[in-house]
file structure-v9.pdb (PDB, C-alpha atoms)
ATOM      1  CA  MET A   1     -20.680 -26.456 147.190  1.00  0.00           C
ATOM      2  CA  SER A   2     -22.569 -23.991 149.287  1.00  0.00           C
ATOM      3  CA  ASN A   3     -24.990 -21.336 148.108  1.00  0.00           C
ATOM      4  CA  SER A   4     -22.627 -18.522 149.066  1.00  0.00           C
ATOM      5  CA  SER A   5     -19.908 -19.779 146.699  1.00  0.00           C
ATOM      6  CA  ASN A   6     -22.388 -19.880 143.750  1.00  0.00           C
ATOM      7  CA  LYS A   7     -23.588 -16.278 144.181  1.00  0.00           C
ATOM      8  CA  PRO A   8     -20.669 -14.519 142.412  1.00  0.00           C
ATOM      9  CA  ALA A   9     -20.839 -16.915 139.455  1.00  0.00           C
ATOM     10  CA  LEU A  10     -24.615 -16.438 139.137  1.00  0.00           C
ATOM     11  CA  ILE A  11     -24.309 -12.668 139.340  1.00  0.00           C
ATOM     12  CA  ILE A  12     -21.640 -12.670 136.622  1.00  0.00           C
ATOM     13  CA  LEU A  13     -23.803 -14.932 134.449  1.00  0.00           C
ATOM     14  CA  ILE A  14     -26.840 -12.664 134.890  1.00  0.00           C
ATOM     15  CA  VAL A  15     -24.813  -9.562 134.022  1.00  0.00           C
ATOM     16  CA  VAL A  16     -23.360 -11.240 130.910  1.00  0.00           C
ATOM     17  CA  LEU A  17     -26.850 -12.326 129.764  1.00  0.00           C
ATOM     18  CA  LEU A  18     -28.260  -8.861 130.411  1.00  0.00           C
ATOM     19  CA  ILE A  19     -25.465  -7.196 128.410  1.00  0.00           C
ATOM     20  CA  THR A  20     -25.931  -9.711 125.593  1.00  0.00           C
ATOM     21  CA  ASN A  21     -29.685  -9.063 125.467  1.00  0.00           C
ATOM     22  CA  LEU A  22     -29.200  -5.298 125.467  1.00  0.00           C
ATOM     23  CA  GLY A  23     -26.596  -5.605 122.700  1.00  0.00           C
ATOM     24  CA  MET A  24     -28.922  -7.696 120.542  1.00  0.00           C
ATOM     25  CA  LEU A  25     -31.804  -5.301 121.155  1.00  0.00           C
ATOM     26  CA  TRP A  26     -29.624  -2.352 120.114  1.00  0.00           C
ATOM     27  CA  TYR A  27     -28.333  -4.181 117.039  1.00  0.00           C
ATOM     28  CA  PHE A  28     -31.739  -5.186 115.693  1.00  0.00           C
ATOM     29  CA  THR A  29     -33.483  -1.876 116.381  1.00  0.00           C
ATOM     30  CA  ARG A  30     -30.545   0.146 115.007  1.00  0.00           C
ATOM     31  CA  ASP A  31     -30.835  -1.441 111.571  1.00  0.00           C
ATOM     32  CA  ALA A  32     -34.593  -0.918 111.417  1.00  0.00           C
ATOM     33  CA  LYS A  33     -34.328   2.743 112.420  1.00  0.00           C
ATOM     34  CA  GLU A  34     -31.578   3.468 109.899  1.00  0.00           C
ATOM     35  CA  GLU A  35     -33.599   1.807 107.129  1.00  0.00           C
ATOM     36  CA  VAL A  36     -36.702   3.858 107.960  1.00  0.00           C
ATOM     37  CA  LYS A  37     -34.677   7.095 108.065  1.00  0.00           C
ATOM     38  CA  SER A  38     -33.181   6.491 104.639  1.00  0.00           C
ATOM     39  CA  VAL A  39     -36.569   6.019 102.919  1.00  0.00           C
ATOM     40  CA  SER A  40     -39.101   8.845 102.839  1.00  0.00           C
ATOM     41  CA  ARG A  41     -42.758   8.286 103.649  1.00  0.00           C
ATOM     42  CA  SER A  42     -43.637   8.853  99.988  1.00  0.00           C
ATOM     43  CA  GLU A  43     -41.118   6.239  98.909  1.00  0.00           C
ATOM     44  CA  ARG A  44     -42.454   3.768 101.492  1.00  0.00           C
ATOM     45  CA  MET A  45     -45.975   4.387 100.181  1.00  0.00           C
ATOM     46  CA  ALA A  46     -44.748   3.897  96.603  1.00  0.00           C
ATOM     47  CA  GLN A  47     -43.203   0.589  97.686  1.00  0.00           C
ATOM     48  CA  MET A  48     -46.536  -0.377  99.222  1.00  0.00           C
ATOM     49  CA  MET A  49     -48.293   0.547  95.965  1.00  0.00           C
ATOM     50  CA  ARG A  50     -45.850  -1.670  94.085  1.00  0.00           C
ATOM     51  CA  LYS A  51     -46.587  -4.533  96.441  1.00  0.00           C
ATOM     52  CA  GLU A  52     -50.354  -4.051  96.821  1.00  0.00           C
ATOM     53  CA  LEU A  53     -51.239  -2.879  93.321  1.00  0.00           C
ATOM     54  CA  GLY A  54     -48.345  -4.045  91.184  1.00  0.00           C
ATOM     55  CA  PHE A  55     -47.137  -0.553  90.217  1.00  0.00           C
ATOM     56  CA  ASP A  56     -44.140  -0.514  87.907  1.00  0.00           C
ATOM     57  CA  SER A  57     -41.272   1.933  88.461  1.00  0.00           C
ATOM     58  CA  LEU A  58     -42.843   4.639  86.264  1.00  0.00           C
ATOM     59  CA  GLN A  59     -46.157   4.403  88.104  1.00  0.00           C
ATOM     60  CA  ALA A  60     -44.357   4.466  91.445  1.00  0.00           C
ATOM     61  CA  GLN A  61     -42.457   7.621  90.476  1.00  0.00           C
ATOM     62  CA  GLU A  62     -45.661   9.261  89.250  1.00  0.00           C
ATOM     63  CA  TYR A  63     -47.305   8.302  92.528  1.00  0.00           C
ATOM     64  CA  ILE A  64     -44.445   9.963  94.467  1.00  0.00           C
ATOM     65  CA  ASN A  65     -44.927  13.100  92.350  1.00  0.00           C
ATOM     66  CA  LEU A  66     -48.686  13.080  92.990  1.00  0.00           C
ATOM     67  CA  ARG A  67     -48.128  12.672  96.746  1.00  0.00           C
ATOM     68  CA  SER A  68     -45.683  15.545  96.768  1.00  0.00           C
ATOM     69  CA  ARG A  69     -48.196  17.728  94.930  1.00  0.00           C
ATOM     70  CA  ARG A  70     -50.969  16.681  97.316  1.00  0.00           C
ATOM     71  CA  ASP A  71     -48.822  17.345 100.374  1.00  0.00           C
ATOM     72  CA  SER A  72     -47.925  20.847  99.191  1.00  0.00           C
ATOM     73  CA  ILE A  73     -51.608  21.624  98.610  1.00  0.00           C
ATOM     74  CA  ILE A  74     -52.856  20.156 101.878  1.00  0.00           C
ATOM     75  CA  ALA A  75     -50.148  21.439 104.254  1.00  0.00           C
ATOM     76  CA  PRO A  76     -51.561  24.977 104.568  1.00  0.00           C
ATOM     77  CA  MET A  77     -55.085  23.579 104.839  1.00  0.00           C
ATOM     78  CA  ASN A  78     -53.990  21.327 107.699  1.00  0.00           C
ATOM     79  CA  ALA A  79     -52.457  24.336 109.448  1.00  0.00           C
ATOM     80  CA  GLU A  80     -55.784  26.179 109.227  1.00  0.00           C
ATOM     81  CA  LEU A  81     -57.685  23.106 110.430  1.00  0.00           C
ATOM     82  CA  ARG A  82     -55.281  22.677 113.353  1.00  0.00           C
ATOM     83  CA  GLN A  83     -55.810  26.316 114.379  1.00  0.00           C
ATOM     84  CA  ALA A  84     -59.602  25.967 114.150  1.00  0.00           C
ATOM     85  CA  LYS A  85     -59.443  22.903 116.419  1.00  0.00           C
ATOM     86  CA  ILE A  86     -57.152  24.712 118.861  1.00  0.00           C
ATOM     87  CA  ASP A  87     -59.589  27.636 118.923  1.00  0.00           C
ATOM     88  CA  MET A  88     -62.407  25.236 119.739  1.00  0.00           C
ATOM     89  CA  ILE A  89     -60.397  23.517 122.482  1.00  0.00           C
ATOM     90  CA  ASN A  90     -59.534  26.913 123.946  1.00  0.00           C
ATOM     91  CA  LEU A  91     -63.260  27.386 124.602  1.00  0.00           C
ATOM     92  CA  LEU A  92     -62.866  24.794 127.377  1.00  0.00           C
ATOM     93  CA  GLY A  93     -61.082  27.428 129.436  1.00  0.00           C
ATOM     94  CA  SER A  94     -64.052  29.786 129.304  1.00  0.00           C
ATOM     95  CA  GLU A  95     -66.843  29.509 131.833  1.00  0.00           C
ATOM     96  CA  ASP A  96     -69.547  31.164 129.768  1.00  0.00           C
ATOM     97  CA  VAL A  97     -69.427  29.390 126.398  1.00  0.00           C
ATOM     98  CA  SER A  98     -72.861  29.380 124.851  1.00  0.00           C
ATOM     99  CA  ASP A  99     -74.178  26.608 122.662  1.00  0.00           C
ATOM    100  CA  SER A 100     -74.121  28.990 119.709  1.00  0.00           C
ATOM    101  CA  MET A 101     -70.426  29.837 120.285  1.00  0.00           C
ATOM    102  CA  LEU A 102     -69.627  26.132 120.404  1.00  0.00           C
ATOM    103  CA  GLN A 103     -71.669  25.566 117.244  1.00  0.00           C
ATOM    104  CA  VAL A 104     -69.795  28.351 115.414  1.00  0.00           C
ATOM    105  CA  ALA A 105     -66.439  26.880 116.468  1.00  0.00           C
ATOM    106  CA  ALA A 106     -67.498  23.388 115.350  1.00  0.00           C
ATOM    107  CA  GLU A 107     -68.733  24.745 112.011  1.00  0.00           C
ATOM    108  CA  ASN A 108     -65.396  26.523 111.548  1.00  0.00           C
ATOM    109  CA  VAL A 109     -63.572  23.210 112.080  1.00  0.00           C
ATOM    110  CA  ALA A 110     -65.913  21.497 109.612  1.00  0.00           C
ATOM    111  CA  ALA A 111     -65.445  24.286 107.052  1.00  0.00           C
ATOM    112  CA  LYS A 112     -61.669  23.847 107.255  1.00  0.00           C
ATOM    113  CA  GLN A 113     -62.027  20.063 106.798  1.00  0.00           C
ATOM    114  CA  VAL A 114     -64.102  20.296 103.595  1.00  0.00           C
ATOM    115  CA  PRO A 115     -61.329  21.517 101.246  1.00  0.00           C
ATOM    116  CA  ILE A 116     -58.986  18.871 102.648  1.00  0.00           C
ATOM    117  CA  GLU A 117     -61.474  16.124 101.808  1.00  0.00           C
ATOM    118  CA  VAL A 118     -61.952  17.567  98.309  1.00  0.00           C
ATOM    119  CA  ALA A 119     -58.169  17.710  97.791  1.00  0.00           C
ATOM    120  CA  PHE A 120     -57.838  14.072  98.892  1.00  0.00           C
ATOM    121  CA  HIS A 121     -60.625  13.045  96.520  1.00  0.00           C
ATOM    122  CA  GLN A 122     -58.885  14.826  93.644  1.00  0.00           C
ATOM    123  CA  HIS A 123     -55.608  13.167  94.623  1.00  0.00           C
ATOM    124  CA  PHE A 124     -57.227   9.730  94.595  1.00  0.00           C
ATOM    125  CA  LYS A 125     -58.709  10.449  91.141  1.00  0.00           C
ATOM    126  CA  ARG A 126     -55.202  11.310  89.899  1.00  0.00           C
ATOM    127  CA  VAL A 127     -53.833   8.085  91.383  1.00  0.00           C
ATOM    128  CA  GLN A 128     -56.625   6.125  89.718  1.00  0.00           C
ATOM    129  CA  ALA A 129     -55.608   7.707  86.410  1.00  0.00           C
ATOM    130  CA  ILE A 130     -52.169   6.070  86.593  1.00  0.00           C
ATOM    131  CA  CYS A 131     -53.675   2.647  87.382  1.00  0.00           C
ATOM    132  CA  ASN A 132     -54.580   0.028  84.823  1.00  0.00           C
ATOM    133  CA  PRO A 133     -58.068  -1.525  85.190  1.00  0.00           C
ATOM    134  CA  GLN A 134     -56.887  -4.384  87.444  1.00  0.00           C
ATOM    135  CA  GLN A 135     -54.897  -1.995  89.630  1.00  0.00           C
ATOM    136  CA  MET A 136     -57.828   0.411  89.873  1.00  0.00           C
ATOM    137  CA  LYS A 137     -60.058  -2.278  91.355  1.00  0.00           C
ATOM    138  CA  ARG A 138     -57.374  -3.174  93.943  1.00  0.00           C
ATOM    139  CA  PHE A 139     -56.790   0.544  94.630  1.00  0.00           C
ATOM    140  CA  ASP A 140     -60.497   1.116  95.324  1.00  0.00           C
ATOM    141  CA  THR A 141     -60.534  -1.906  97.657  1.00  0.00           C
ATOM    142  CA  MET A 142     -57.425  -0.631  99.417  1.00  0.00           C
ATOM    143  CA  LEU A 143     -59.004   2.821  99.904  1.00  0.00           C
ATOM    144  CA  LEU A 144     -62.113   1.276 101.444  1.00  0.00           C
ATOM    145  CA  ARG A 145     -59.927  -0.814 103.755  1.00  0.00           C
ATOM    146  CA  MET A 146     -58.002   2.314 104.811  1.00  0.00           C
ATOM    147  CA  ILE A 147     -61.204   4.265 105.448  1.00  0.00           C
ATOM    148  CA  ARG A 148     -62.614   1.461 107.561  1.00  0.00           C
ATOM    149  CA  ARG A 149     -59.405   1.187 109.565  1.00  0.00           C
ATOM    150  CA  ASN A 150     -59.108   4.951 110.070  1.00  0.00           C
ATOM    151  CA  THR A 151     -62.721   5.354 111.181  1.00  0.00           C
ATOM    152  CA  GLY A 152     -62.700   2.482 113.659  1.00  0.00           C
ATOM    153  CA  ASP A 153     -64.859   0.128 111.594  1.00  0.00           C
ATOM    154  CA  THR A 154     -64.523  -3.408 112.890  1.00  0.00           C
ATOM    155  CA  ILE A 155     -66.237  -4.965 109.870  1.00  0.00           C
ATOM    156  CA  VAL A 156     -63.787  -7.083 107.909  1.00  0.00           C
ATOM    157  CA  PRO A 157     -63.844  -6.118 104.205  1.00  0.00           C
ATOM    158  CA  GLY A 158     -65.500  -8.804 102.140  1.00  0.00           C
ATOM    159  CA  ASN A 159     -67.713  -9.977 105.034  1.00  0.00           C
ATOM    160  CA  ASN A 160     -70.345  -7.265 104.770  1.00  0.00           C
TER     161      ASN A 160
END
call {"tool": "encode", "arguments": {"input": "structure-v9.pdb", "output": "structure tokens"}}
result
Amino acid sequence: MSNSSNKPALIILIVVLLITNLGMLWYFTRDAKEEVKSVSRSERMAQMMRKELGFDSLQAQEYINLRSRRDSIIAPMNAELRQAKIDMINLLGSEDVSDSMLQVAAENVAAKQVPIEVAFHQHFKRVQAICNPQQMKRFDTMLLRMIRRNTGDTIVPGNN
């Protein structure tokens, strides 16, 4: 057989493999996306708390309620913080921004961040209140791990 007689068969084989791969990709990602859509972020976090801390169904529901309360408190604060950061970024467009103007803008951002941090602390205290002593220790460890991850700490917990 010559190379020219194999070309149509190879092209058909490549197209069939490509279609099969695309179909499998669609099938596997479709299920994952539908599953994520059907479960809210609060419910996913409650599932994580069940797994990580051993929350029972009552604790998980209380956690969802606490998250909802926290979110309703923090949402307007986040809007104010976002605007303060936008105001600071808008200073980049000005040629004559003094150090004191920049300092005032930065202090405004920091002032908007403070009540958010306090609200999170209060939220974590409420979550601790629904934990038993063993869960509380794991919760505290989990919080430290989250803080390290979110602040770019490369130290592995337990090795410091």
call {"tool": "residues_around", "arguments": {"input": "structure-v9.pdb", "residues": "Arg70 of chain A", "least_positions_apart": "4", "cutoff": "8 Å", "atoms": "all atoms listed in the file", "output": "ChimeraX atom specification"}}
result
/A:66,74,119-120,123
call {"tool": "atom_distance", "arguments": {"input": "structure-v9.pdb", "atom1": "atom CA of Arg82 of chain A", "atom2": "atom CA of His121 of chain A"}}
result
20.1 Å
call {"tool": "residues_around", "arguments": {"input": "structure-v9.pdb", "residues": "Asn108 of chain A", "least_positions_apart": "3", "cutoff": "12 Å", "atoms": "only C-alpha atoms", "output": "compact mmCIF listing (two decimals) with C-alpha atoms, in the frame of the given file"}}
result
# COMPACT_ATOMS: atom_id res chain seq x y z
CA GLU A 80 -55.78 26.18 109.23
CA LEU A 81 -57.68 23.11 110.43
CA ARG A 82 -55.28 22.68 113.35
CA GLN A 83 -55.81 26.32 114.38
CA ALA A 84 -59.60 25.97 114.15
CA LYS A 85 -59.44 22.90 116.42
CA ILE A 86 -57.15 24.71 118.86
CA ASP A 87 -59.59 27.64 118.92
CA MET A 88 -62.41 25.24 119.74
CA MET A 101 -70.43 29.84 120.28
CA LEU A 102 -69.63 26.13 120.40
CA GLN A 103 -71.67 25.57 117.24
CA VAL A 104 -69.80 28.35 115.41
CA ALA A 105 -66.44 26.88 116.47
CA ALA A 111 -65.44 24.29 107.05
CA LYS A 112 -61.67 23.85 107.26
CA GLN A 113 -62.03 20.06 106.80
CA VAL A 114 -64.10 20.30 103.60
call {"tool": "resolve_selection", "arguments": {"input": "structure-v9.pdb", "expression": "the PyMOL selection byres ((chain A and resi 42) around 10)", "output": "number ranges by chain"}}
result
A: 39-41, 43-48, 60-61, 63-68, 71
call {"tool": "write_last_selection", "arguments": {"input": "structure-v9.pdb", "atoms": "C-alpha atoms", "output": "compact mmCIF listing (two decimals), in the coordinates of the input"}}
result
# COMPACT_ATOMS: atom_id res chain seq x y z
CA VAL A 39 -36.57 6.02 102.92
CA SER A 40 -39.10 8.85 102.84
CA ARG A 41 -42.76 8.29 103.65
CA GLU A 43 -41.12 6.24 98.91
CA ARG A 44 -42.45 3.77 101.49
CA MET A 45 -45.98 4.39 100.18
CA ALA A 46 -44.75 3.90 96.60
CA GLN A 47 -43.20 0.59 97.69
CA MET A 48 -46.54 -0.38 99.22
CA ALA A 60 -44.36 4.47 91.44
CA GLN A 61 -42.46 7.62 90.48
CA TYR A 63 -47.30 8.30 92.53
CA ILE A 64 -44.44 9.96 94.47
CA ASN A 65 -44.93 13.10 92.35
CA LEU A 66 -48.69 13.08 92.99
CA ARG A 67 -48.13 12.67 96.75
CA SER A 68 -45.68 15.54 96.77
CA ASP A 71 -48.82 17.34 100.37
call {"tool": "closest_residue", "arguments": {"input": "structure-v9.pdb", "among": "A:Met24, A:Gly54, A:Pro115, A:Leu91", "to": "Arg138 of chain A", "atoms": "all atoms listed in the file"}}
result
A:Gly54
call {"tool": "atom_distance", "arguments": {"input": "structure-v9.pdb", "atom1": "atom CA of Gly152 of chain A", "atom2": "atom CA of Met49 of chain A"}}
result
22.9 Å
call {"tool": "atom_distance", "arguments": {"input": "structure-v9.pdb", "atom1": "atom CA of Glu117 of chain A", "atom2": "atom CA of Ser57 of chain A"}}
result
28.1 Å
